[in-house]
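Colleague: The following block contains the structure, expressed as structure tokens.
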Amino acid sequence: MNLNKKKIDVIFTDFDGVLTDNKFYLDANGDESVRLNRSDGLAFDYLNKIKIPIYIISTEKNSIVKTRAKKLKVKCHSGVSDKKKLIIKLCNKNKYSLSKSIYIGNDVNDLSSIKLCNYSFCPKDSNKIIKKNSKVVMNVKGGEGVIRYLVDNYFNDGIGFI
């Protein structure tokens with residue numbers, strides 16, 4: 001499968017378990033931190049350059065999600081309890097076609113979105129029901145450069161970032 005701007009209107013991705021390894025650090029003050037992969041940053045830059053809108057959609061209300069989205073220059077919705085409903089709303093509002101949309105998720109709260117979007121991807125360490133329902137199970141774990149893997153293997157014909 002080769003994807004490009006003509007085939008894709010929008011990319012939606014979960015945060016925890018996709019952009020992170022699904023683990024977090026908690027200090028004595030209750031502050032959380034997560035581990036992210038810098039190689040995803042270049043992939044987001046590329047997708048922004050070719051003008052494919054990207055939305056991070058997370059059930060988490062943690063400010064880390066919004067901070068990372070701001071740095072990546074992508075849109076972010078956190079604290080979302082019904083991702084499918086939000087995706088439909090965003091598609092209707094922005095005239096994105098679900099048949100030209102990508103969803104990347106890893107856990108059961110992503111299942112309805114995985115089924116909704118025409119192109120669905122998940123990291124190889126995803127929940128088994130997500131792996132069963134995704135069109136592509138990536139050969140990379142969450143937090144190990146999932147977006148970079150998507151770009152390197154499904155966009156750009158393997159020529160690298162220009």
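Convention: chains lettered A, B, ... in structure tokens order; per-chain residue numbering from 1; ligands numbered from 1 as shown.
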Could you pull out the helix (DSSP H, G or I) residues of range 6-152 of chain A from DSSP and send them as a PyMOL selection string?
Modeller: chain A and resi 39-49+63-72+83-94+98-100+108-116+128-133+146-152
Colleague: Enumerate as a ChimeraX atom specification all residues of chain A assigned to strand (DSSP E or B) by DSSP on the backbone, naming them with the chain letters and numbers the document uses.
Modeller: /A:10-13,20,25-26,32-33,36,54-57,75-77,101-104,119-122,136-137
Colleague: Near Lys131 in chain A, within 8 Å and counting only C-alpha atoms, which residues show up once chain neighbours fewer than 5 positions away are dropped, as a ChimeraX atom specification?
Modeller: /A:106,122,124,126,136-137
Colleague: Which residue is closest to Lys84 in chain A? Choose from A:Val65, A:Leu98, A:Ala43, A:Ile54 and count only C-alpha atoms.
Modeller: A:Leu98
Colleague: Just want the 12 Å neighbourhood of range 27-34 of chain A, counted on only C-alpha atoms, with same-chain residues fewer than 2 positions away dropped. Output as a PyMOL selection string.
Modeller: chain A and resi 15-25+36-37+60-65+67-68+143
Colleague: With C-alpha atoms kept, could you save the residues just selected as a CSV table (one decimal), in the first residue's frame?
Modeller:
chain,number,residue,atom,x,y,z
A,15,PHE,CA,-1.1,9.3,22.0
A,16,ASP,CA,-0.4,6.8,24.7
A,17,GLY,CA,0.8,3.5,23.3
A,18,VAL,CA,1.3,5.0,19.9
A,19,LEU,CA,3.6,8.0,20.4
A,20,THR,CA,4.7,6.6,23.8
A,21,ASP,CA,5.5,3.1,25.0
A,22,ASN,CA,2.3,3.2,27.1
A,23,LYS,CA,4.3,3.7,30.2
A,24,PHE,CA,4.6,6.8,32.4
A,25,TYR,CA,6.7,8.1,35.3
A,36,LEU,CA,8.7,9.9,23.4
A,37,ASN,CA,10.6,9.1,20.2
A,60,GLU,CA,-6.0,11.3,28.7
A,61,LYS,CA,-6.4,14.8,30.2
A,62,ASN,CA,-2.7,15.1,30.9
A,63,SER,CA,-1.1,18.4,29.6
A,64,ILE,CA,1.8,16.3,28.2
A,65,VAL,CA,-0.4,15.4,25.2
A,67,THR,CA,2.5,20.1,24.9
A,68,ARG,CA,3.8,17.5,22.5
A,143,GLY,CA,6.9,4.7,21.3
Colleague: For Asn127 in chain A, list every protein, DNA or RNA residue within 9 Å, evaluated using only C-alpha atoms, and leave out those in the same chain fewer than 5 positions away; present the list as a short mmCIF file (atom, residue, chain, number, x, y, z; two decimals) with N, CA and C atoms, in the first residue's frame.
Modeller:
data_model
loop_
_atom_site.label_atom_id
_atom_site.label_comp_id
_atom_site.auth_asym_id
_atom_site.auth_seq_id
_atom_site.Cartn_x
_atom_site.Cartn_y
_atom_site.Cartn_z
N ASN A 106 -3.97 1.73 19.57
CA ASN A 106 -3.37 0.53 20.15
C ASN A 106 -4.24 -0.22 21.15
N ASP A 107 -5.32 0.38 21.62
CA ASP A 107 -6.06 -0.27 22.70
C ASP A 107 -7.56 -0.25 22.42
N VAL A 108 -8.31 -0.91 23.27
CA VAL A 108 -9.74 -1.14 23.02
C VAL A 108 -10.54 0.15 22.86
N LYS A 132 -6.34 -7.45 15.38
CA LYS A 132 -7.26 -8.21 14.54
C LYS A 132 -8.07 -7.30 13.61
#
Colleague: For range 114-121 of chain A, please output as a ChimeraX atom specification all residues within 10 Å (counting only C-alpha atoms; exclusion window: fewer than 5 positions along the same chain).
Modeller: /A:1,3,8,10-13,84,87-88,97-109,130-131,133-138,146,150
Colleague: Mind pulling up the distance from CA of Tyr154 in chain A to CA of Leu72 in chain A?
Modeller: 19.9 Å
Colleague: So how many Å separate CA of Leu90 in chain A and CA of Ile147 in chain A, to one decimal?
Modeller: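 Taking CA of Leu90 in chain A and CA of Ile147 in chain A, their separation equals 20.7 Å.
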